[in-house]
$ cat final24.cif   # mmCIF, N, CA and C atoms
data_structure
loop_
_atom_site.label_atom_id
_atom_site.label_comp_id
_atom_site.auth_asym_id
_atom_site.auth_seq_id
_atom_site.Cartn_x
_atom_site.Cartn_y
_atom_site.Cartn_z
N MET A 12 6.26 39.16 -19.86
CA MET A 12 5.48 38.26 -19.04
C MET A 12 4.05 38.11 -19.57
N LEU A 13 3.53 39.17 -20.13
CA LEU A 13 2.17 39.11 -20.65
C LEU A 13 2.06 38.07 -21.77
N ALA A 14 3.08 38.05 -22.63
CA ALA A 14 3.05 37.09 -23.74
C ALA A 14 3.09 35.65 -23.22
N LEU A 15 3.88 35.41 -22.18
CA LEU A 15 3.95 34.06 -21.62
C LEU A 15 2.63 33.65 -20.97
N LYS A 16 2.00 34.60 -20.29
CA LYS A 16 0.70 34.31 -19.66
C LYS A 16 -0.36 34.00 -20.72
N LEU A 17 -0.35 34.77 -21.80
CA LEU A 17 -1.32 34.53 -22.88
C LEU A 17 -1.09 33.17 -23.54
N LYS A 18 0.20 32.86 -23.78
CA LYS A 18 0.51 31.57 -24.39
C LYS A 18 0.09 30.42 -23.47
N LYS A 19 0.28 30.61 -22.17
CA LYS A 19 -0.13 29.58 -21.21
C LYS A 19 -1.65 29.38 -21.27
N GLN A 20 -2.40 30.46 -21.33
CA GLN A 20 -3.86 30.35 -21.42
C GLN A 20 -4.29 29.64 -22.70
N ILE A 21 -3.61 29.96 -23.79
CA ILE A 21 -3.93 29.31 -25.07
C ILE A 21 -3.64 27.81 -25.00
N LEU A 22 -2.49 27.45 -24.41
CA LEU A 22 -2.13 26.04 -24.29
C LEU A 22 -3.10 25.29 -23.39
N ILE A 23 -3.55 25.94 -22.33
CA ILE A 23 -4.52 25.30 -21.44
C ILE A 23 -5.84 25.08 -22.17
N GLU A 24 -6.26 26.07 -22.95
CA GLU A 24 -7.49 25.93 -23.75
C GLU A 24 -7.37 24.76 -24.73
N LEU A 25 -6.23 24.66 -25.39
CA LEU A 25 -6.03 23.56 -26.34
C LEU A 25 -5.99 22.21 -25.62
N MET A 26 -5.35 22.19 -24.46
CA MET A 26 -5.25 20.95 -23.70
C MET A 26 -6.64 20.47 -23.28
N ASN A 27 -7.53 21.40 -22.97
CA ASN A 27 -8.90 21.06 -22.55
C ASN A 27 -9.83 20.83 -23.74
N GLY A 28 -9.34 21.00 -24.95
CA GLY A 28 -10.16 20.75 -26.14
C GLY A 28 -11.01 21.93 -26.56
N CYS A 29 -10.56 23.13 -26.30
CA CYS A 29 -11.26 24.37 -26.69
C CYS A 29 -12.69 24.43 -26.15
N PRO A 30 -12.86 24.47 -24.83
CA PRO A 30 -14.21 24.48 -24.27
C PRO A 30 -15.00 25.75 -24.56
N ARG A 31 -14.35 26.82 -24.98
CA ARG A 31 -15.07 28.06 -25.30
C ARG A 31 -15.98 27.88 -26.51
N TYR A 32 -15.62 26.95 -27.38
CA TYR A 32 -16.42 26.72 -28.59
C TYR A 32 -17.23 25.43 -28.48
N ALA A 33 -17.62 25.07 -27.28
CA ALA A 33 -18.38 23.83 -27.08
C ALA A 33 -19.74 23.88 -27.76
N ASN A 34 -20.30 25.08 -27.89
CA ASN A 34 -21.61 25.20 -28.53
C ASN A 34 -21.51 25.14 -30.06
N ASN A 35 -20.30 25.25 -30.61
CA ASN A 35 -20.08 25.17 -32.05
C ASN A 35 -19.02 24.10 -32.31
N PRO A 36 -19.39 22.83 -32.36
CA PRO A 36 -18.41 21.75 -32.48
C PRO A 36 -17.56 21.81 -33.75
N GLN A 37 -18.11 22.32 -34.83
CA GLN A 37 -17.34 22.39 -36.08
C GLN A 37 -16.18 23.37 -35.93
N LYS A 38 -16.45 24.54 -35.40
CA LYS A 38 -15.40 25.53 -35.20
C LYS A 38 -14.40 25.06 -34.15
N GLN A 39 -14.90 24.37 -33.13
CA GLN A 39 -14.04 23.83 -32.08
C GLN A 39 -13.03 22.86 -32.69
N LYS A 40 -13.49 21.98 -33.56
CA LYS A 40 -12.61 21.00 -34.20
C LYS A 40 -11.61 21.69 -35.13
N GLU A 41 -12.06 22.70 -35.87
CA GLU A 41 -11.16 23.43 -36.78
C GLU A 41 -10.03 24.10 -36.00
N ILE A 42 -10.38 24.77 -34.93
CA ILE A 42 -9.36 25.47 -34.14
C ILE A 42 -8.40 24.48 -33.51
N TYR A 43 -8.94 23.40 -32.96
CA TYR A 43 -8.08 22.41 -32.33
C TYR A 43 -7.14 21.77 -33.35
N ASP A 44 -7.65 21.42 -34.51
CA ASP A 44 -6.81 20.80 -35.55
C ASP A 44 -5.73 21.75 -36.04
N GLU A 45 -6.05 23.04 -36.10
CA GLU A 45 -5.10 24.03 -36.60
C GLU A 45 -3.93 24.25 -35.62
N TYR A 46 -4.22 24.23 -34.32
CA TYR A 46 -3.20 24.59 -33.34
C TYR A 46 -2.70 23.42 -32.49
N LYS A 47 -3.12 22.20 -32.78
CA LYS A 47 -2.70 21.08 -31.96
C LYS A 47 -1.20 20.77 -32.08
N THR A 48 -0.56 21.24 -33.15
CA THR A 48 0.88 21.02 -33.29
C THR A 48 1.66 21.72 -32.18
N TYR A 49 1.14 22.86 -31.71
CA TYR A 49 1.81 23.58 -30.63
C TYR A 49 1.64 22.84 -29.30
N LEU A 50 0.56 22.13 -29.18
CA LEU A 50 0.28 21.40 -27.95
C LEU A 50 1.18 20.17 -27.81
N SER A 51 1.60 19.60 -28.92
CA SER A 51 2.41 18.38 -28.87
C SER A 51 3.81 18.63 -28.31
N SER A 52 4.24 19.89 -28.26
CA SER A 52 5.57 20.21 -27.75
C SER A 52 5.64 20.22 -26.23
N TYR A 53 4.49 20.21 -25.56
CA TYR A 53 4.45 20.36 -24.11
C TYR A 53 3.65 19.23 -23.47
N THR A 54 4.07 18.87 -22.27
CA THR A 54 3.28 17.94 -21.46
C THR A 54 2.33 18.77 -20.60
N PRO A 55 1.28 18.15 -20.06
CA PRO A 55 0.37 18.91 -19.20
C PRO A 55 1.06 19.54 -17.99
N GLU A 56 2.07 18.86 -17.45
CA GLU A 56 2.81 19.43 -16.31
C GLU A 56 3.61 20.66 -16.73
N GLU A 57 4.22 20.60 -17.91
CA GLU A 57 4.98 21.76 -18.40
C GLU A 57 4.06 22.95 -18.65
N ILE A 58 2.86 22.68 -19.15
CA ILE A 58 1.91 23.76 -19.39
C ILE A 58 1.50 24.40 -18.07
N GLU A 59 1.37 23.58 -17.06
CA GLU A 59 1.00 24.08 -15.73
C GLU A 59 2.06 25.04 -15.18
N TRP A 60 3.33 24.78 -15.48
CA TRP A 60 4.43 25.59 -14.97
C TRP A 60 4.83 26.71 -15.93
N TYR A 61 4.31 26.68 -17.14
CA TYR A 61 4.74 27.62 -18.17
C TYR A 61 4.38 29.06 -17.80
N GLY A 62 5.33 29.96 -17.92
CA GLY A 62 5.08 31.39 -17.74
C GLY A 62 5.04 31.87 -16.31
N LEU A 63 5.38 31.03 -15.35
CA LEU A 63 5.38 31.47 -13.96
C LEU A 63 6.64 32.27 -13.66
N THR A 64 6.50 33.28 -12.83
CA THR A 64 7.68 34.02 -12.38
C THR A 64 8.40 33.18 -11.34
N TRP A 65 9.59 33.65 -10.96
CA TRP A 65 10.39 32.92 -9.98
C TRP A 65 9.61 32.77 -8.66
N TYR A 66 9.00 33.83 -8.19
CA TYR A 66 8.28 33.80 -6.92
C TYR A 66 7.00 32.95 -7.00
N GLU A 67 6.34 33.01 -8.13
CA GLU A 67 5.15 32.17 -8.32
C GLU A 67 5.53 30.69 -8.31
N ALA A 68 6.65 30.38 -8.96
CA ALA A 68 7.12 28.99 -9.01
C ALA A 68 7.52 28.51 -7.61
N LEU A 69 8.20 29.37 -6.86
CA LEU A 69 8.60 29.00 -5.50
C LEU A 69 7.38 28.75 -4.61
N SER A 70 6.38 29.62 -4.73
CA SER A 70 5.18 29.43 -3.90
C SER A 70 4.43 28.17 -4.32
N LYS A 71 4.45 27.85 -5.61
CA LYS A 71 3.78 26.63 -6.09
C LYS A 71 4.49 25.39 -5.55
N VAL A 72 5.82 25.41 -5.56
CA VAL A 72 6.59 24.28 -5.03
C VAL A 72 6.32 24.14 -3.53
N ALA A 73 6.29 25.25 -2.82
CA ALA A 73 6.03 25.20 -1.38
C ALA A 73 4.65 24.62 -1.09
N LYS A 74 3.65 25.00 -1.88
CA LYS A 74 2.30 24.47 -1.68
C LYS A 74 2.25 22.97 -1.96
N GLN A 75 2.98 22.53 -3.00
CA GLN A 75 2.99 21.11 -3.32
C GLN A 75 3.67 20.30 -2.22
N LYS A 76 4.79 20.82 -1.69
CA LYS A 76 5.48 20.12 -0.60
C LYS A 76 4.61 20.07 0.64
N GLU A 77 3.92 21.16 0.92
CA GLU A 77 3.04 21.21 2.08
C GLU A 77 1.90 20.21 1.94
N ALA A 78 1.37 20.08 0.74
CA ALA A 78 0.27 19.14 0.50
C ALA A 78 0.76 17.69 0.64
N GLN A 79 1.99 17.42 0.22
CA GLN A 79 2.53 16.07 0.31
C GLN A 79 2.84 15.69 1.76
N ASN A 80 3.32 16.65 2.53
CA ASN A 80 3.75 16.36 3.90
C ASN A 80 2.67 16.68 4.93
N LYS A 81 1.44 16.72 4.50
CA LYS A 81 0.35 17.02 5.42
C LYS A 81 0.21 15.86 6.40
N PRO A 82 0.35 16.13 7.69
CA PRO A 82 0.29 15.03 8.66
C PRO A 82 -1.14 14.53 8.85
N VAL A 83 -1.23 13.24 9.13
CA VAL A 83 -2.53 12.63 9.40
C VAL A 83 -2.78 12.79 10.90
N PRO A 84 -3.92 13.33 11.29
CA PRO A 84 -4.21 13.50 12.72
C PRO A 84 -4.19 12.15 13.44
N LEU A 85 -3.62 12.16 14.64
CA LEU A 85 -3.51 10.92 15.40
C LEU A 85 -4.88 10.36 15.78
N LYS A 86 -5.86 11.24 15.95
CA LYS A 86 -7.19 10.74 16.31
C LYS A 86 -7.74 9.82 15.23
N ASN A 87 -7.43 10.10 13.96
CA ASN A 87 -7.89 9.23 12.88
C ASN A 87 -7.20 7.88 12.93
N ILE A 88 -5.91 7.89 13.22
CA ILE A 88 -5.14 6.64 13.30
C ILE A 88 -5.65 5.80 14.47
N TYR A 89 -5.80 6.44 15.64
CA TYR A 89 -6.26 5.71 16.83
C TYR A 89 -7.68 5.19 16.66
N ARG A 90 -8.54 5.99 16.04
CA ARG A 90 -9.92 5.56 15.81
C ARG A 90 -9.95 4.33 14.92
N LYS A 91 -9.13 4.34 13.88
CA LYS A 91 -9.08 3.20 12.96
C LYS A 91 -8.59 1.94 13.68
N LYS A 92 -7.55 2.09 14.51
CA LYS A 92 -7.03 0.94 15.27
C LYS A 92 -8.08 0.42 16.24
N LEU A 93 -8.79 1.33 16.90
CA LEU A 93 -9.81 0.92 17.86
C LEU A 93 -10.94 0.17 17.18
N VAL A 94 -11.37 0.65 16.04
CA VAL A 94 -12.45 -0.03 15.31
C VAL A 94 -12.00 -1.43 14.90
N GLU A 95 -10.78 -1.57 14.41
CA GLU A 95 -10.27 -2.88 14.03
C GLU A 95 -10.20 -3.81 15.24
N LYS A 96 -9.73 -3.26 16.36
CA LYS A 96 -9.60 -4.04 17.58
C LYS A 96 -10.98 -4.50 18.07
N LEU A 97 -11.95 -3.61 18.02
CA LEU A 97 -13.30 -3.96 18.46
C LEU A 97 -13.94 -5.00 17.55
N LYS A 98 -13.71 -4.90 16.26
CA LYS A 98 -14.26 -5.89 15.34
C LYS A 98 -13.65 -7.27 15.60
N ALA A 99 -12.33 -7.30 15.86
CA ALA A 99 -11.67 -8.57 16.14
C ALA A 99 -12.18 -9.16 17.45
N ALA A 100 -12.34 -8.32 18.46
CA ALA A 100 -12.83 -8.80 19.75
C ALA A 100 -14.28 -9.25 19.66
N GLU A 101 -15.07 -8.59 18.84
CA GLU A 101 -16.48 -8.95 18.68
C GLU A 101 -16.62 -10.33 18.08
N SER A 102 -15.82 -10.63 17.09
CA SER A 102 -15.94 -11.93 16.44
C SER A 102 -15.44 -13.06 17.35
N GLU A 103 -14.43 -12.79 18.19
CA GLU A 103 -13.88 -13.83 19.05
C GLU A 103 -14.74 -14.07 20.29
N ASP A 104 -15.20 -13.00 20.88
CA ASP A 104 -15.87 -13.12 22.18
C ASP A 104 -17.37 -12.88 22.11
N LYS A 105 -18.00 -13.32 21.07
CA LYS A 105 -19.44 -13.10 20.94
C LYS A 105 -20.21 -13.88 22.02
N ASN A 106 -19.81 -15.09 22.26
CA ASN A 106 -20.49 -15.92 23.26
C ASN A 106 -20.16 -15.44 24.67
N ASP A 107 -18.93 -15.06 24.91
CA ASP A 107 -18.52 -14.60 26.24
C ASP A 107 -19.26 -13.33 26.64
N ALA A 108 -19.53 -12.48 25.69
CA ALA A 108 -20.20 -11.22 25.98
C ALA A 108 -21.62 -11.45 26.46
N THR A 109 -22.33 -12.41 25.88
CA THR A 109 -23.71 -12.67 26.31
C THR A 109 -23.73 -13.26 27.71
N GLU A 110 -22.76 -14.11 28.05
CA GLU A 110 -22.69 -14.68 29.40
C GLU A 110 -22.38 -13.60 30.42
N GLU A 111 -21.47 -12.70 30.09
CA GLU A 111 -21.12 -11.62 31.02
C GLU A 111 -22.31 -10.71 31.26
N ILE A 112 -23.08 -10.44 30.24
CA ILE A 112 -24.25 -9.57 30.39
C ILE A 112 -25.27 -10.22 31.32
N SER A 113 -25.49 -11.51 31.17
CA SER A 113 -26.48 -12.19 32.03
C SER A 113 -26.02 -12.23 33.48
N THR A 114 -24.72 -12.45 33.73
CA THR A 114 -24.23 -12.45 35.11
C THR A 114 -24.26 -11.05 35.69
N THR A 115 -23.96 -10.06 34.90
CA THR A 115 -24.00 -8.68 35.37
C THR A 115 -25.42 -8.29 35.71
N THR A 116 -26.36 -8.70 34.92
CA THR A 116 -27.76 -8.37 35.17
C THR A 116 -28.23 -9.02 36.47
N SER A 117 -27.87 -10.26 36.70
CA SER A 117 -28.31 -10.92 37.93
C SER A 117 -27.65 -10.30 39.15
N TRP A 118 -26.41 -9.91 39.05
CA TRP A 118 -25.72 -9.26 40.15
C TRP A 118 -26.37 -7.92 40.47
N LEU A 119 -26.71 -7.16 39.42
CA LEU A 119 -27.37 -5.88 39.63
C LEU A 119 -28.77 -6.05 40.20
N SER A 120 -29.45 -7.09 39.78
CA SER A 120 -30.81 -7.30 40.30
C SER A 120 -30.78 -7.65 41.78
N LYS A 121 -29.72 -8.30 42.24
CA LYS A 121 -29.59 -8.61 43.66
C LYS A 121 -29.37 -7.34 44.48
N MET A 122 -28.68 -6.38 43.91
CA MET A 122 -28.35 -5.16 44.64
C MET A 122 -29.45 -4.11 44.55
N ASN A 123 -30.40 -4.27 43.68
CA ASN A 123 -31.45 -3.28 43.48
C ASN A 123 -32.42 -3.33 44.67
N PRO A 124 -32.50 -2.26 45.46
CA PRO A 124 -33.38 -2.28 46.63
C PRO A 124 -34.85 -2.18 46.24
N PHE A 125 -35.16 -1.71 45.06
CA PHE A 125 -36.54 -1.54 44.63
C PHE A 125 -37.05 -2.72 43.80
N GLY A 126 -36.17 -3.65 43.49
CA GLY A 126 -36.56 -4.77 42.66
C GLY A 126 -37.29 -5.84 43.45
N LYS A 127 -37.88 -6.79 42.77
CA LYS A 127 -38.59 -7.90 43.41
C LYS A 127 -37.57 -8.86 44.00
N LYS A 128 -37.89 -9.38 45.15
CA LYS A 128 -37.01 -10.35 45.79
C LYS A 128 -37.45 -11.75 45.39
N ASP A 129 -36.47 -12.55 45.02
CA ASP A 129 -36.77 -13.93 44.67
C ASP A 129 -36.83 -14.76 45.95
N GLU A 130 -37.86 -15.51 46.08
CA GLU A 130 -38.02 -16.41 47.23
C GLU A 130 -37.43 -17.76 46.85
N ALA A 131 -36.28 -18.08 47.42
CA ALA A 131 -35.67 -19.34 47.08
C ALA A 131 -35.54 -20.23 48.26
#

$ encode --input "final24.cif" --output "structure tokens"
Amino acid sequence: MLALKLKKQILIELMNGCPRYANNPQKQKEIYDEYKTYLSSYTPEEIEWYGLTWYEALSKVAKQKEAQNKPVPLKNIYRKKLVEKLKAAESEDKNDATEEISTTTSWLSKMNPFGKKDEA
């Protein structure tokens, strides 16, 4: 297992372009050119799974399935629908809303015992 883990680390380093030698670009290029033939045999997904034990692979599959089937909270869905509904209502009833506010204000002013009385 140790050999597989080491090979996996080497393949990951090659896949990332040898970041350990980022401060020495010449050596980085030499190492990458020398070992890139080994990298061509694997896809990035295969490298990700390379060297895992049976239990590690099972736990990885379980985590991936859990991430895919993560439910969206209903509050987010309802909030989105409400915002869309309010935007649609706002554009349609812009004029009606101002009329309702003015009638509501006059009705409330009639009921206000501390307000000024209109002499009509």

$ residues_around --input "final24.cif" --residues "segment 54-69 of chain A" --least-positions-apart "3" --cutoff "8 Å" --atoms "only C-alpha atoms" --output "mmCIF file with N, CA and C atoms, in the frame of the given file"
data_model
loop_
_atom_site.group_PDB
_atom_site.id
_atom_site.type_symbol
_atom_site.label_atom_id
_atom_site.label_comp_id
_atom_site.auth_asym_id
_atom_site.auth_seq_id
_atom_site.Cartn_x
_atom_site.Cartn_y
_atom_site.Cartn_z
ATOM 1 N N MET A 12 6.260 39.160 -19.860
ATOM 2 C CA MET A 12 5.480 38.260 -19.040
ATOM 3 C C MET A 12 4.050 38.110 -19.570
ATOM 4 N N LEU A 15 3.880 35.410 -22.180
ATOM 5 C CA LEU A 15 3.950 34.060 -21.620
ATOM 6 C C LEU A 15 2.630 33.650 -20.970
ATOM 7 N N LYS A 16 2.000 34.600 -20.290
ATOM 8 C CA LYS A 16 0.700 34.310 -19.660
ATOM 9 C C LYS A 16 -0.360 34.000 -20.720
ATOM 10 N N LYS A 19 0.280 30.610 -22.170
ATOM 11 C CA LYS A 19 -0.130 29.580 -21.210
ATOM 12 C C LYS A 19 -1.650 29.380 -21.270
ATOM 13 N N LEU A 22 -2.490 27.450 -24.410
ATOM 14 C CA LEU A 22 -2.130 26.040 -24.290
ATOM 15 C C LEU A 22 -3.100 25.290 -23.390
ATOM 16 N N ILE A 23 -3.550 25.940 -22.330
ATOM 17 C CA ILE A 23 -4.520 25.300 -21.440
ATOM 18 C C ILE A 23 -5.840 25.080 -22.170
ATOM 19 N N MET A 26 -5.350 22.190 -24.460
ATOM 20 C CA MET A 26 -5.250 20.950 -23.700
ATOM 21 C C MET A 26 -6.640 20.470 -23.280
ATOM 22 N N LEU A 50 0.560 22.130 -29.180
ATOM 23 C CA LEU A 50 0.280 21.400 -27.950
ATOM 24 C C LEU A 50 1.180 20.170 -27.810
ATOM 25 N N SER A 51 1.600 19.600 -28.920
ATOM 26 C CA SER A 51 2.410 18.380 -28.870
ATOM 27 C C SER A 51 3.810 18.630 -28.310
ATOM 28 N N VAL A 72 5.820 25.410 -5.560
ATOM 29 C CA VAL A 72 6.590 24.280 -5.030
ATOM 30 C C VAL A 72 6.320 24.140 -3.530
ATOM 31 N N ALA A 73 6.290 25.250 -2.820
ATOM 32 C CA ALA A 73 6.030 25.200 -1.380
ATOM 33 C C ALA A 73 4.650 24.620 -1.090
#

$ atom_distance --input "final24.cif" --atom1 "atom C of Pro36 of chain A" --atom2 "atom C of Glu24 of chain A"
13.9 Å

$ atom_distance --input "final24.cif" --atom1 "atom N of Pro30 of chain A" --atom2 "atom CA of Gln75 of chain A"
26.9 Å

$ atom_distance --input "final24.cif" --atom1 "atom N of Ser52 of chain A" --atom2 "atom N of Gln79 of chain A"
28.7 Å

$ select_by_dssp --input "final24.cif" --residues "segment 13-90 of chain A" --states "helix (DSSP H, G or I)" --output "PyMOL selection string"
chain A and resi 13-26+30-32+36-50+55-60+65-79+85-90

$ residues_around --input "final24.cif" --residues "Gly28 of chain A" --least-positions-apart "6" --cutoff "9 Å" --atoms "only C-alpha atoms" --output "MDAnalysis selection string"
chainID A and resid 39:40 43
